[in-house]
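Only one structure is covered here, and it is reproduced in the block below.
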Number of protein chains: 2
Amino acid sequence: MRYFEDVAVGDRFTGGSLTVEAVEIVAYAEKFDPQPFHLDPDAAKNTLFRGLAASGWHTAGLTMRMIVGSDAELAGGYIGMGVDQISWPRPTRPGDLLRIEMEILEARRSAKRPDQGILRVKTTTFNQKDEVVQTMIANLLAPGRPD
Amino acid sequence: MRYFEDVAVGDRFTGGSLTVEAVEIVAYAEKFDPQPFHLDPDAAKNTLFRGLAASGWHTAGLTMRMIVGSDAELAGGYIGMGVDQISWPRPTRPGDLLRIEMEILEARRSAKRPDQGILRVKTTTFNQKDEVVQTMIANLLAPGRPD
């Protein structure tokens with residue numbers, strides 16, 4: 001378990017892997033992003049995506065799942081204060097095998113709560129061809145080591 | 001249906017509402033964010049959240065669902081190029097009734113593809129007490145009106 005004091009700028013962690021099947025892409029889309037390119041392989045062919053593509057929010061959820069299971073092992077878990085940036089250079093596709101790489105960009109003690117820190121973390125999500133499907137920069141709460 | 005030319009900076013749209021029950025919060029967490037404060041009402045009591053709280057990514061997914069059903073009615077759908085910012089000032093809780101307000105912050109013609117535009121949109125997600133559970137600024141692709 002890592003507390004705020006155990007993490008330094010430049011530290012890297014990894015997570016995954018995780019497969020995504022068409023049925024999961026469609027199930028996510030039915031609940032959260034019901035658009036033709038996420039719902040129906042045939043309808044998707046005639047869209048920008050040229051075939052079934054996972055919702056970006058599905059990729060974000062899968063990325064969170066891999067963060068929770070990553071070797072960063074933050075004490076207190078992964079509590080997001082907010083996100084500074086997400087990009088989806090290409091969509092997650094049926095059958096993709098995803099993994100993540102995390103890098104600590106900044107680590108600062110909380111001014112308001114000196115027993116806590118904030119970690120600014122870049123998380124990149126790759127498919128099995130090492131193509132980037134998502135980049136994200138998020139700010140995570142990290143408890144300090146108890147006295 | 002609105003094309004790029006039909007949308008102006010300052011235009012506002014609304015979406016929702018949508019209820020969230022504890023069972024859905026837990027089901028989302030089991031799949032995408034398996035941490036005690038999202039999984040188990042009892043375990044959640046002794047955490048920062050002081051009770052069961054939806055994953056921020058669940059709130060983001062529900063927000064996308066309300067964007068898709070909103071009165072913005074963008075031609076071609078809601079295709080996110082990326083996100084510039086997300087904050088979660090407070091979590092979504094069991095029983096919450098969510099709604100969204102959208103505002104067009106910027107509208108610019110694509111340099112590479114003049115038949116398309118990019119809309120920079122702020123989407124704020126409120127609960128039934130008009131408290132903000134999420135703010136997001138995202139860039140959406142908007143097809144131009146066909147000749």
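A note on labels: chains of the structure tokens are A, B, ... as shown, every chain counts residues from 1, and ligands are counted from 1 in their shown order.
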Fewer than 2 positions away in the same chain doesn't count, so skip those; otherwise give me all residues within 9 Å of Gly82 of chain A, counting only C-alpha atoms, as a VMD selection string.
(chain A and resid 79 to 80 84 137 to 140) or (chain B and resid 56 85 to 89)
Could the residues in this selection be saved with C-alpha atoms as an mmCIF file, in the first residue's frame?
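The result, stored in again22.cif:
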```
data_model
loop_
_atom_site.group_PDB
_atom_site.id
_atom_site.type_symbol
_atom_site.label_atom_id
_atom_site.label_comp_id
_atom_site.auth_asym_id
_atom_site.auth_seq_id
_atom_site.Cartn_x
_atom_site.Cartn_y
_atom_site.Cartn_z
ATOM 1 C CA ILE A 79 -10.711 8.973 -5.371
ATOM 2 C CA GLY A 80 -10.840 11.374 -8.284
ATOM 3 C CA ASP A 84 -7.998 17.813 -16.536
ATOM 4 C CA ILE A 137 -4.937 13.383 -16.813
ATOM 5 C CA ALA A 138 -6.719 13.164 -13.470
ATOM 6 C CA ASN A 139 -6.195 14.433 -9.948
ATOM 7 C CA LEU A 140 -6.384 11.802 -7.237
ATOM 8 C CA GLY B 56 -17.758 9.639 -10.883
ATOM 9 C CA GLN B 85 -12.333 19.215 -17.784
ATOM 10 C CA ILE B 86 -14.530 17.171 -15.441
ATOM 11 C CA SER B 87 -15.154 17.942 -11.794
ATOM 12 C CA TRP B 88 -17.297 16.097 -9.279
ATOM 13 C CA PRO B 89 -18.103 18.632 -6.515
#
```
Nearby residues (only C-alpha atoms) at most 8 Å from Leu141 of chain B, same-chain spacing under 6 positions excluded, as a PDB file with C-alpha atoms, in the first residue's frame:
```
ATOM      1  CA  TYR B  78     -22.831  13.347 -30.077  1.00  0.00           C
ATOM      2  CA  ILE B  79     -19.298  12.347 -31.009  1.00  0.00           C
ATOM      3  CA  GLY B  80     -16.775  13.464 -28.415  1.00  0.00           C
ATOM      4  CA  MET B  81     -13.349  14.524 -29.648  1.00  0.00           C
ATOM      5  CA  GLN B 116     -17.596  19.950 -40.039  1.00  0.00           C
ATOM      6  CA  GLY B 117     -17.423  22.056 -36.936  1.00  0.00           C
ATOM      7  CA  ILE B 118     -16.284  21.578 -33.367  1.00  0.00           C
ATOM      8  CA  LEU B 119     -18.547  22.660 -30.526  1.00  0.00           C
TER       9      LEU B 119
END
```
Find the residues near Pro94 of chain A: any atom within 12 Å, counting only C-alpha atoms, skip ones fewer than 6 places away on the same chain, and give them as a VMD selection string.
chain A and resid 18 to 26 38 to 41 51 to 55 59 127 to 128
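Closest approach to chain B among A:Phe13, A:Phe32, A:Phe37, A:Phe49 is made by A:Phe32 (distances from only C-alpha atoms).
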Write out as number ranges by chain the residues lying within 10 Å of Arg65 of chain A, counting only C-alpha atoms and excluding same-chain residues fewer than 6 positions away.
A: 15-16, 18, 59; B: 29-35
Resulting file, chosen residues, all heavy atoms, as a PDB file, in the first residue's frame:
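Produced file result-v6.pdb, reproduced below:
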```
ATOM      1  N   GLY A  15      -1.464  -1.463 -15.352  1.00  0.00           N
ATOM      2  CA  GLY A  15      -2.674  -2.212 -15.009  1.00  0.00           C
ATOM      3  C   GLY A  15      -3.217  -2.913 -16.235  1.00  0.00           C
ATOM      4  O   GLY A  15      -2.824  -2.628 -17.363  1.00  0.00           O
ATOM      5  N   GLY A  16      -4.152  -3.828 -15.972  1.00  0.00           N
ATOM      6  CA  GLY A  16      -4.753  -4.619 -17.047  1.00  0.00           C
ATOM      7  C   GLY A  16      -4.062  -5.962 -17.106  1.00  0.00           C
ATOM      8  O   GLY A  16      -3.299  -6.286 -16.193  1.00  0.00           O
ATOM      9  N   LEU A  18      -7.439  -6.435 -20.024  1.00  0.00           N
ATOM     10  CA  LEU A  18      -8.888  -6.587 -19.962  1.00  0.00           C
ATOM     11  C   LEU A  18      -9.402  -6.689 -21.398  1.00  0.00           C
ATOM     12  O   LEU A  18      -9.039  -5.869 -22.234  1.00  0.00           O
ATOM     13  CB  LEU A  18      -9.422  -5.296 -19.323  1.00  0.00           C
ATOM     14  CG  LEU A  18     -10.759  -5.248 -18.650  1.00  0.00           C
ATOM     15  CD1 LEU A  18     -10.719  -6.084 -17.376  1.00  0.00           C
ATOM     16  CD2 LEU A  18     -11.075  -3.808 -18.275  1.00  0.00           C
ATOM     17  N   THR A  59     -14.780   3.161 -22.534  1.00  0.00           N
ATOM     18  CA  THR A  59     -13.316   3.076 -22.426  1.00  0.00           C
ATOM     19  C   THR A  59     -12.844   3.716 -21.122  1.00  0.00           C
ATOM     20  O   THR A  59     -11.951   3.178 -20.441  1.00  0.00           O
ATOM     21  CB  THR A  59     -12.659   3.764 -23.640  1.00  0.00           C
ATOM     22  OG1 THR A  59     -13.098   3.111 -24.837  1.00  0.00           O
ATOM     23  CG2 THR A  59     -11.137   3.688 -23.562  1.00  0.00           C
TER      24      THR A  59
ATOM     25  N   ALA B  29     -20.393  -0.121 -10.174  1.00  0.00           N
ATOM     26  CA  ALA B  29     -19.119  -0.239  -9.459  1.00  0.00           C
ATOM     27  C   ALA B  29     -18.519  -1.632  -9.609  1.00  0.00           C
ATOM     28  O   ALA B  29     -17.300  -1.784  -9.773  1.00  0.00           O
ATOM     29  CB  ALA B  29     -19.323   0.109  -7.985  1.00  0.00           C
ATOM     30  N   GLU B  30     -19.354  -2.656  -9.571  1.00  0.00           N
ATOM     31  CA  GLU B  30     -18.835  -4.029  -9.704  1.00  0.00           C
ATOM     32  C   GLU B  30     -18.122  -4.194 -11.036  1.00  0.00           C
ATOM     33  O   GLU B  30     -17.116  -4.897 -11.133  1.00  0.00           O
ATOM     34  CB  GLU B  30     -19.984  -5.035  -9.587  1.00  0.00           C
ATOM     35  CG  GLU B  30     -20.440  -5.220  -8.144  1.00  0.00           C
ATOM     36  CD  GLU B  30     -21.691  -6.075  -8.008  1.00  0.00           C
ATOM     37  OE1 GLU B  30     -22.403  -6.281  -9.026  1.00  0.00           O
ATOM     38  OE2 GLU B  30     -21.972  -6.510  -6.877  1.00  0.00           O
ATOM     39  N   LYS B  31     -18.639  -3.545 -12.069  1.00  0.00           N
ATOM     40  CA  LYS B  31     -18.054  -3.677 -13.414  1.00  0.00           C
ATOM     41  C   LYS B  31     -16.858  -2.757 -13.626  1.00  0.00           C
ATOM     42  O   LYS B  31     -15.876  -3.149 -14.260  1.00  0.00           O
ATOM     43  CB  LYS B  31     -19.119  -3.316 -14.461  1.00  0.00           C
ATOM     44  CG  LYS B  31     -19.738  -4.497 -15.167  1.00  0.00           C
ATOM     45  CD  LYS B  31     -20.506  -4.031 -16.404  1.00  0.00           C
ATOM     46  CE  LYS B  31     -20.630  -5.130 -17.420  1.00  0.00           C
ATOM     47  NZ  LYS B  31     -21.295  -6.327 -16.925  1.00  0.00           N
ATOM     48  N   PHE B  32     -16.943  -1.520 -13.111  1.00  0.00           N
ATOM     49  CA  PHE B  32     -15.980  -0.510 -13.542  1.00  0.00           C
ATOM     50  C   PHE B  32     -15.194   0.178 -12.419  1.00  0.00           C
ATOM     51  O   PHE B  32     -14.175   0.804 -12.689  1.00  0.00           O
ATOM     52  CB  PHE B  32     -16.695   0.581 -14.358  1.00  0.00           C
ATOM     53  CG  PHE B  32     -17.319   0.075 -15.625  1.00  0.00           C
ATOM     54  CD1 PHE B  32     -18.698   0.043 -15.786  1.00  0.00           C
ATOM     55  CD2 PHE B  32     -16.527  -0.394 -16.656  1.00  0.00           C
ATOM     56  CE1 PHE B  32     -19.282  -0.428 -16.955  1.00  0.00           C
ATOM     57  CE2 PHE B  32     -17.094  -0.867 -17.834  1.00  0.00           C
ATOM     58  CZ  PHE B  32     -18.472  -0.884 -17.982  1.00  0.00           C
ATOM     59  N   ASP B  33     -15.670   0.111 -11.196  1.00  0.00           N
ATOM     60  CA  ASP B  33     -15.003   0.886 -10.135  1.00  0.00           C
ATOM     61  C   ASP B  33     -15.230   0.215  -8.781  1.00  0.00           C
ATOM     62  O   ASP B  33     -15.871   0.772  -7.887  1.00  0.00           O
ATOM     63  CB  ASP B  33     -15.554   2.327 -10.145  1.00  0.00           C
ATOM     64  CG  ASP B  33     -14.672   3.297  -9.374  1.00  0.00           C
ATOM     65  OD1 ASP B  33     -13.758   2.859  -8.647  1.00  0.00           O
ATOM     66  OD2 ASP B  33     -14.917   4.526  -9.491  1.00  0.00           O
ATOM     67  N   PRO B  34     -14.680  -1.022  -8.644  1.00  0.00           N
ATOM     68  CA  PRO B  34     -14.984  -1.827  -7.451  1.00  0.00           C
ATOM     69  C   PRO B  34     -14.218  -1.359  -6.211  1.00  0.00           C
ATOM     70  O   PRO B  34     -13.230  -1.970  -5.831  1.00  0.00           O
ATOM     71  CB  PRO B  34     -14.581  -3.238  -7.883  1.00  0.00           C
ATOM     72  CG  PRO B  34     -13.524  -3.038  -8.920  1.00  0.00           C
ATOM     73  CD  PRO B  34     -13.849  -1.747  -9.616  1.00  0.00           C
ATOM     74  N   GLN B  35     -14.708  -0.293  -5.604  1.00  0.00           N
ATOM     75  CA  GLN B  35     -14.120   0.230  -4.371  1.00  0.00           C
ATOM     76  C   GLN B  35     -15.227   0.299  -3.319  1.00  0.00           C
ATOM     77  O   GLN B  35     -16.400   0.515  -3.664  1.00  0.00           O
ATOM     78  CB  GLN B  35     -13.504   1.606  -4.624  1.00  0.00           C
ATOM     79  CG  GLN B  35     -12.447   1.591  -5.735  1.00  0.00           C
ATOM     80  CD  GLN B  35     -11.594   2.849  -5.729  1.00  0.00           C
ATOM     81  OE1 GLN B  35     -10.634   2.945  -4.993  1.00  0.00           O
ATOM     82  NE2 GLN B  35     -11.954   3.820  -6.557  1.00  0.00           N
TER      83      GLN B  35
END
```
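Nearest residue to chain A, choosing from B:Gly10, B:Pro114, B:Gly144, B:Gly69 and counting only C-alpha atoms: B:Gly69.
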